[in-house]
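K.L.:
Shown below is the structure under consideration.
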There are 2 protein chains.
Amino acid sequence: MPKLFSTRLHEGVCAKRSALIVGLDPRLELVPEEIRLEALRQHGNTLEAAAEAVLEFNKGIIDAVCDVVPAVKPQLAFYEQLGVPGIAAFKETVDYAKQQGLLVVADGKRNDIGSTAAGYADAYLGWTNLNAVEKTRAFAADALTVNAYLGSDGILPLVESAVNNETGVFVLVKTSNPSSSELQNLICSGKTIYEIMGGLVHSWSQAHIDEQGYSPVGAVVGATFPAEAERLRGVMPHSIFLVPGFGAQGGGPRDVVPCFNNDGLGAIVNSSRDVIFAYKKRGGDYKSAARAVALESSTAIYQALVEAGKRPW
Amino acid sequence: MPKLFSTRLHEGVCAKRSALIVGLDPRLELVPEEIRLEALRQHGNTLEAAAEAVLEFNKGIIDAVCDVVPAVKPQLAFYEQLGVPGIAAFKETVDYAKQQGLLVVADGKRNDIGSTAAGYADAYLGWTNLNAVEKTRAFAADALTVNAYLGSDGILPLVESAVNNETGVFVLVKTSNPSSSELQNLICSGKTIYEIMGGLVHSWSQAHIDEQGYSPVGAVVGATFPAEAERLRGVMPHSIFLVPGFGAQGGGPRDVVPCFNNDGLGAIVNSSRDVIFAYKKRGGDYKSAARAVALESSTAIYQALVEAGKRPW
């Protein structure tokens, strides 16, 4: 029986007892030196070496956190920056994470219209046709972040693919960065743009709701704006929020509580730098440091939910 | 002496006497059968074969149009759909187009914030650092389409890279698709969102203007909404418009005239399917058909500009 992505994601949250997910944003200069030097010995000073270092680093992080978080979120910019070898490292990172029992949210904020949007859907959420009968997965992610500035034409092909392939999308609604208000907080007929965008997300999600009341059409809602998150929780009751801005960007455990429904579900909170480069602050092995911070952050979010009376899993 | 991208692009327009650019959106099923079969013989039924077919097809199109248009615009979705081999074909397409004297606009509609946006800038517009002293180009494009839903945080790192590397960005303002109005035509304090976005683009462009009065911070403005384009031309006098929606999507030569300034500059018009798959309608060799349609479309745009009294190059 096929499952919607929302069901698969919440199963992961409950099984790992964690709403925290780990962002795989491997900035080369922060990857431990021994990993970089080993790649350099093998490949010289090339993009291949950089990509190999990133992949090795990611595998270590995945091994360290795979039993304590439900998902990882590789940020595509950091792989595209490394050219074709970087994209190969992205693909292998996705495949390795899935082997280790993690879901993968590809953070690409993709957007286009019609058959081009369908191309992105094939690339990350579904299947690429090789001919009339054979198909393959280009990148076997479980979900993709998307940008809906172009309207429904750009989103519906992705939603269709997600529903058909047990995958999901997270639509940018209210982002965590300081200048997000320039456009997103403008007011049209008494509503902010982010509320209007939330309303669109709600309309796209309604036809596809799982038994727990959630949809594979999720929303990106930053941890740095708790009051906005509270309002958006009401606008999009069926959407799972992907919450950036926790930790390094300033959002704390209490700030993310409004992103969750009263059932303690409906949100996943991303932490990137604070987890994967924890060894820079704490010293010691990068894997142990990453695991320790992932566990601490996950527990802090759990406790904040309990304190707020949102029964967690 | 470094040049701004706007200068380089207009030099191309004047040299080729064409404001038309060709979109490289290679849908596998439309690539001529002999090319697909040859790739199949070499690589079997794989993404490698699909990517090889796409690259061969692209090289033929580039050969056919390189002396009659200033630029090509590969749409990244169609390459990402073919996985890692597809990205390799994208890179080789970019490099081949540049060897043949074309500028390359990577149509990726990328968007993110801060150092992540800088990652995209490195990937497409600038250089990736391999270490403290060495750097390389991941994908050597001349410009990138970008989405500014996240505000200035997401755009300024790209603008900085563009200015430093003789490259450019085209920010989505008013897109050519039917549902673009859902968000872009909402009215806030008497202005549409697309006008507000146009105002932001204008503010980002003002610090970087070349001798002819143009900036490397361009705008995407669809051919399908001429009245909106007219208004936006006034809002962003220094930005070059990248105009989709010509041909297959319904925009004709007269519809694109408002996108140009009175000097006959300030816009490039994209045509994808109509040019690259012209052989499907006209029969014969796909290269000859593509060249013929590129020349006809280019001439039709030139004549429409002359009729409107916009002195072209």
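Every chain in the structure tokens takes a letter, A first, then B, and so on in the order presented; its residues are numbered from 1, and the ligands are numbered from 1 following the presented order.
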Tell me the residues of chain B close to chain A, meaning within 6 Å using only C-alpha atoms, as a short mmCIF file (atom, residue, chain, number, x, y, z; two decimals) with N, CA and C atoms, in the first residue's frame.
P.N.:
```
data_model
loop_
_atom_site.label_atom_id
_atom_site.label_comp_id
_atom_site.auth_asym_id
_atom_site.auth_seq_id
_atom_site.Cartn_x
_atom_site.Cartn_y
_atom_site.Cartn_z
N ALA B 77 16.86 22.27 -15.41
CA ALA B 77 15.98 21.15 -15.05
C ALA B 77 16.17 19.96 -15.98
N PHE B 78 16.36 20.26 -17.29
CA PHE B 78 16.45 19.17 -18.26
C PHE B 78 17.76 18.39 -18.14
N GLU B 80 19.45 18.25 -14.95
CA GLU B 80 19.35 17.62 -13.64
C GLU B 80 18.51 16.35 -13.72
N GLN B 81 17.52 16.38 -14.59
CA GLN B 81 16.66 15.22 -14.80
C GLN B 81 17.46 13.99 -15.25
N LEU B 82 18.62 14.23 -15.85
CA LEU B 82 19.46 13.13 -16.34
C LEU B 82 20.59 12.81 -15.36
N GLY B 83 20.44 13.26 -14.11
CA GLY B 83 21.37 12.87 -13.06
C GLY B 83 22.78 13.40 -13.28
N VAL B 84 23.76 12.72 -12.70
CA VAL B 84 25.15 13.16 -12.80
C VAL B 84 25.61 13.25 -14.26
N ALA B 88 27.06 16.62 -16.28
CA ALA B 88 28.29 16.63 -17.08
C ALA B 88 27.98 17.15 -18.49
N GLY B 119 27.44 30.43 -2.54
CA GLY B 119 27.79 29.13 -3.12
C GLY B 119 27.26 29.01 -4.55
N TYR B 120 26.02 29.40 -4.77
CA TYR B 120 25.47 29.40 -6.14
C TYR B 120 26.25 30.37 -7.03
N ASP B 122 29.41 31.20 -6.75
CA ASP B 122 30.66 30.53 -7.10
C ASP B 122 30.42 29.49 -8.19
N ALA B 123 29.33 28.73 -8.05
CA ALA B 123 29.06 27.62 -8.96
C ALA B 123 28.88 28.08 -10.40
N ALA B 138 33.43 26.00 -11.55
CA ALA B 138 32.62 24.78 -11.52
C ALA B 138 31.82 24.67 -12.82
N LEU B 150 13.29 35.62 -1.37
CA LEU B 150 13.92 35.72 -0.05
C LEU B 150 14.48 37.11 0.26
N GLY B 151 14.39 38.04 -0.71
CA GLY B 151 14.86 39.40 -0.45
C GLY B 151 16.33 39.60 -0.73
N SER B 152 16.83 40.78 -0.36
CA SER B 152 18.20 41.20 -0.69
C SER B 152 19.27 40.23 -0.23
N ASP B 153 19.07 39.61 0.95
CA ASP B 153 20.06 38.66 1.47
C ASP B 153 20.42 37.61 0.43
N SER B 179 -0.39 31.35 -14.46
CA SER B 179 -0.61 31.55 -13.03
C SER B 179 0.38 32.53 -12.40
N SER B 180 1.19 33.19 -13.20
CA SER B 180 2.15 34.14 -12.61
C SER B 180 1.41 35.24 -11.84
N GLU B 182 -1.04 34.94 -9.77
CA GLU B 182 -1.51 34.55 -8.43
C GLU B 182 -0.78 35.32 -7.34
N ILE B 187 -1.79 43.33 -5.22
CA ILE B 187 -1.52 44.77 -5.06
C ILE B 187 -1.28 45.13 -3.60
N CYS B 188 -0.14 45.74 -3.34
CA CYS B 188 0.23 46.18 -1.99
C CYS B 188 0.45 47.68 -2.05
#
```
K.L.:
Report as a PyMOL selection string: the residues of region 18-211 of chain A with a DSSP assignment of strand (DSSP E or B), based on the backbone of this structure.
P.N.:
chain A and resi 20-24+71-75+103-110+128-129+135-136+143-146+168-174+187-188+191-192
K.L.:
I need the chosen residues saved as a short mmCIF file (atom, residue, chain, number, x, y, z; two decimals), in the first residue's frame, with N, CA, C and O atoms.
P.N.:
```cif
data_model
loop_
_atom_site.label_atom_id
_atom_site.label_comp_id
_atom_site.auth_asym_id
_atom_site.auth_seq_id
_atom_site.Cartn_x
_atom_site.Cartn_y
_atom_site.Cartn_z
N LEU A 20 14.37 16.86 15.10
CA LEU A 20 15.54 17.52 14.52
C LEU A 20 16.02 16.78 13.28
O LEU A 20 16.04 15.55 13.27
N ILE A 21 16.38 17.52 12.25
CA ILE A 21 17.06 16.92 11.11
C ILE A 21 18.38 17.66 10.93
O ILE A 21 18.56 18.77 11.44
N VAL A 22 19.30 17.01 10.23
CA VAL A 22 20.66 17.56 10.14
C VAL A 22 20.94 18.05 8.72
O VAL A 22 20.80 17.31 7.75
N GLY A 23 21.32 19.31 8.62
CA GLY A 23 21.66 19.91 7.32
C GLY A 23 23.07 19.56 6.91
O GLY A 23 24.01 19.80 7.67
N LEU A 24 23.20 18.96 5.74
CA LEU A 24 24.53 18.60 5.24
C LEU A 24 25.01 19.71 4.29
O LEU A 24 24.82 19.65 3.09
N ALA A 71 16.04 12.46 9.39
CA ALA A 71 16.34 12.92 8.03
C ALA A 71 17.58 13.80 7.99
O ALA A 71 17.98 14.37 9.01
N VAL A 72 18.16 13.88 6.81
CA VAL A 72 19.21 14.86 6.55
C VAL A 72 18.75 15.77 5.41
O VAL A 72 17.89 15.41 4.62
N LYS A 73 19.35 16.96 5.37
CA LYS A 73 18.97 17.94 4.35
C LYS A 73 20.23 18.48 3.67
O LYS A 73 20.79 19.48 4.12
N PRO A 74 20.70 17.82 2.61
CA PRO A 74 21.82 18.40 1.88
C PRO A 74 21.38 19.66 1.13
O PRO A 74 20.32 19.68 0.51
N GLN A 75 22.20 20.69 1.23
CA GLN A 75 21.94 21.97 0.56
C GLN A 75 22.66 21.93 -0.79
O GLN A 75 23.89 21.89 -0.84
N LEU A 103 15.69 9.66 5.81
CA LEU A 103 15.04 10.33 4.70
C LEU A 103 15.93 11.49 4.26
O LEU A 103 16.70 12.02 5.07
N VAL A 104 15.79 11.89 2.99
CA VAL A 104 16.63 12.95 2.45
C VAL A 104 15.77 14.08 1.87
O VAL A 104 14.97 13.84 0.96
N VAL A 105 15.95 15.27 2.43
CA VAL A 105 15.30 16.46 1.89
C VAL A 105 16.36 17.20 1.07
O VAL A 105 17.32 17.74 1.63
N ALA A 106 16.18 17.22 -0.25
CA ALA A 106 17.11 17.97 -1.10
C ALA A 106 16.73 19.44 -1.02
O ALA A 106 15.62 19.82 -1.37
N ASP A 107 17.66 20.27 -0.51
CA ASP A 107 17.36 21.69 -0.36
C ASP A 107 17.85 22.43 -1.59
O ASP A 107 19.00 22.87 -1.66
N GLY A 108 16.97 22.54 -2.58
CA GLY A 108 17.36 23.16 -3.85
C GLY A 108 16.53 24.38 -4.19
O GLY A 108 16.85 25.10 -5.12
N LYS A 109 15.41 24.58 -3.45
CA LYS A 109 14.53 25.73 -3.70
C LYS A 109 14.25 25.89 -5.19
O LYS A 109 14.22 26.99 -5.73
N ARG A 110 14.00 24.77 -5.86
CA ARG A 110 13.79 24.77 -7.30
C ARG A 110 12.47 25.43 -7.66
O ARG A 110 11.51 25.42 -6.87
N THR A 128 12.98 9.39 -14.10
CA THR A 128 13.29 9.90 -15.42
C THR A 128 13.07 8.78 -16.44
O THR A 128 13.59 7.67 -16.27
N ASN A 129 12.27 9.06 -17.46
CA ASN A 129 12.03 8.07 -18.52
C ASN A 129 13.24 7.96 -19.42
O ASN A 129 13.70 8.95 -19.99
N LYS A 135 12.62 3.37 -16.87
CA LYS A 135 12.84 4.62 -16.16
C LYS A 135 13.85 4.40 -15.04
O LYS A 135 14.09 3.27 -14.63
N THR A 136 14.42 5.49 -14.55
CA THR A 136 15.42 5.39 -13.49
C THR A 136 15.32 6.62 -12.61
O THR A 136 14.66 7.60 -12.97
N ALA A 143 12.32 14.34 -0.59
CA ALA A 143 11.58 15.61 -0.67
C ALA A 143 12.49 16.68 -1.24
O ALA A 143 13.72 16.51 -1.27
N LEU A 144 11.87 17.76 -1.69
CA LEU A 144 12.60 18.86 -2.32
C LEU A 144 12.00 20.17 -1.82
O LEU A 144 10.78 20.31 -1.75
N THR A 145 12.86 21.14 -1.49
CA THR A 145 12.34 22.47 -1.19
C THR A 145 12.10 23.20 -2.51
O THR A 145 12.87 23.06 -3.46
N VAL A 146 11.00 23.96 -2.56
CA VAL A 146 10.61 24.64 -3.81
C VAL A 146 10.15 26.07 -3.52
O VAL A 146 9.77 26.40 -2.39
N GLY A 168 7.85 14.31 -1.18
CA GLY A 168 7.19 15.52 -0.73
C GLY A 168 7.87 16.79 -1.19
O GLY A 168 9.00 16.76 -1.69
N VAL A 169 7.17 17.90 -1.01
CA VAL A 169 7.78 19.21 -1.27
C VAL A 169 7.61 20.09 -0.03
O VAL A 169 6.67 19.91 0.75
N PHE A 170 8.52 21.02 0.14
CA PHE A 170 8.40 22.06 1.15
C PHE A 170 8.47 23.39 0.42
O PHE A 170 9.51 23.72 -0.17
N VAL A 171 7.38 24.13 0.45
CA VAL A 171 7.29 25.40 -0.28
C VAL A 171 7.77 26.54 0.62
O VAL A 171 7.32 26.66 1.77
N LEU A 172 8.64 27.41 0.11
CA LEU A 172 9.09 28.57 0.88
C LEU A 172 7.89 29.46 1.21
O LEU A 172 7.21 29.93 0.31
N VAL A 173 7.65 29.71 2.48
CA VAL A 173 6.55 30.59 2.89
C VAL A 173 7.13 31.81 3.62
O VAL A 173 7.06 32.93 3.13
N LYS A 174 7.72 31.56 4.79
CA LYS A 174 8.34 32.67 5.55
C LYS A 174 9.74 32.20 5.92
O LYS A 174 9.91 31.31 6.77
N ILE A 187 1.86 43.82 2.72
CA ILE A 187 0.45 43.54 3.02
C ILE A 187 -0.43 43.84 1.81
O ILE A 187 -0.38 44.94 1.25
N CYS A 188 -1.17 42.83 1.38
CA CYS A 188 -2.11 42.96 0.26
C CYS A 188 -3.51 42.65 0.77
O CYS A 188 -3.74 41.53 1.26
N LYS A 191 -3.70 41.09 4.22
CA LYS A 191 -2.93 39.88 4.52
C LYS A 191 -1.49 40.06 4.07
O LYS A 191 -1.22 40.67 3.03
N THR A 192 -0.57 39.47 4.83
CA THR A 192 0.83 39.51 4.38
C THR A 192 1.01 38.53 3.22
O THR A 192 0.24 37.58 3.06
#
```
K.L.:
Please, what distance in Å, to one decimal, runs between CA of Lys280 (chain B) and CA of Asp63 (chain B)?
P.N.:
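One can read the CA of Lys280 (chain B) to CA of Asp63 (chain B) distance as 18.7 Å.
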K.L.:
Smallest atom-to-atom distance to Ala227 (chain B): which of B:Leu242, B:Val201, B:Val257, B:Val269, using only C-alpha atoms?
P.N.:
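Among the listed residues, the smallest separation from Ala227 (chain B) belongs to B:Val257.
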K.L.:
Which residue is closest to Asp263 (chain B)? Choose from B:Val163, B:Ala229, B:Leu4, B:Leu305 and count only C-alpha atoms.
P.N.:
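Closest to Asp263 (chain B) of all the choices is B:Leu305.
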K.L.:
Output as a ChimeraX atom specification all residues of region 162-302 of chain B that backbone DSSP marks as alpha helix (DSSP H).
P.N.:
/B:162-164,181-184,193-205,226-235,253-256,273-276,278-282,286-302
K.L.:
Env of Pro2 (chain B): 9 Å cut, atoms = only C-alpha atoms, seq-sep filter 3 positions within chain, self excluded. Answer as a VMD selection string.
P.N.:
chain B and resid 164 to 166
K.L.:
Counting only C-alpha atoms, what is within 12 Å of Glu296 (chain B), bar same-chain residues fewer than 3 positions away, as a PyMOL selection string?
P.N.:
chain B and resi 18+20+65+68-69+247+253+271+274-275+278+289-293+299-303
K.L.:
Could you state the separation of CA of Ser298 (chain B) and CA of Ala19 (chain B) in Å, given to one decimal place?
P.N.:
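According to the coordinates, CA of Ser298 (chain B) and CA of Ala19 (chain B) are separated by 6.6 Å.
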K.L.:
Give me the residues near Ser6 (chain B) as a ChimeraX atom specification, where near means some atom within 9 Å (using only C-alpha atoms) and where sequence neighbours in that chain fewer than 3 positions away do not count.
P.N.:
/B:3,9-11,166-168,209-210,212,214-218,239-240,266
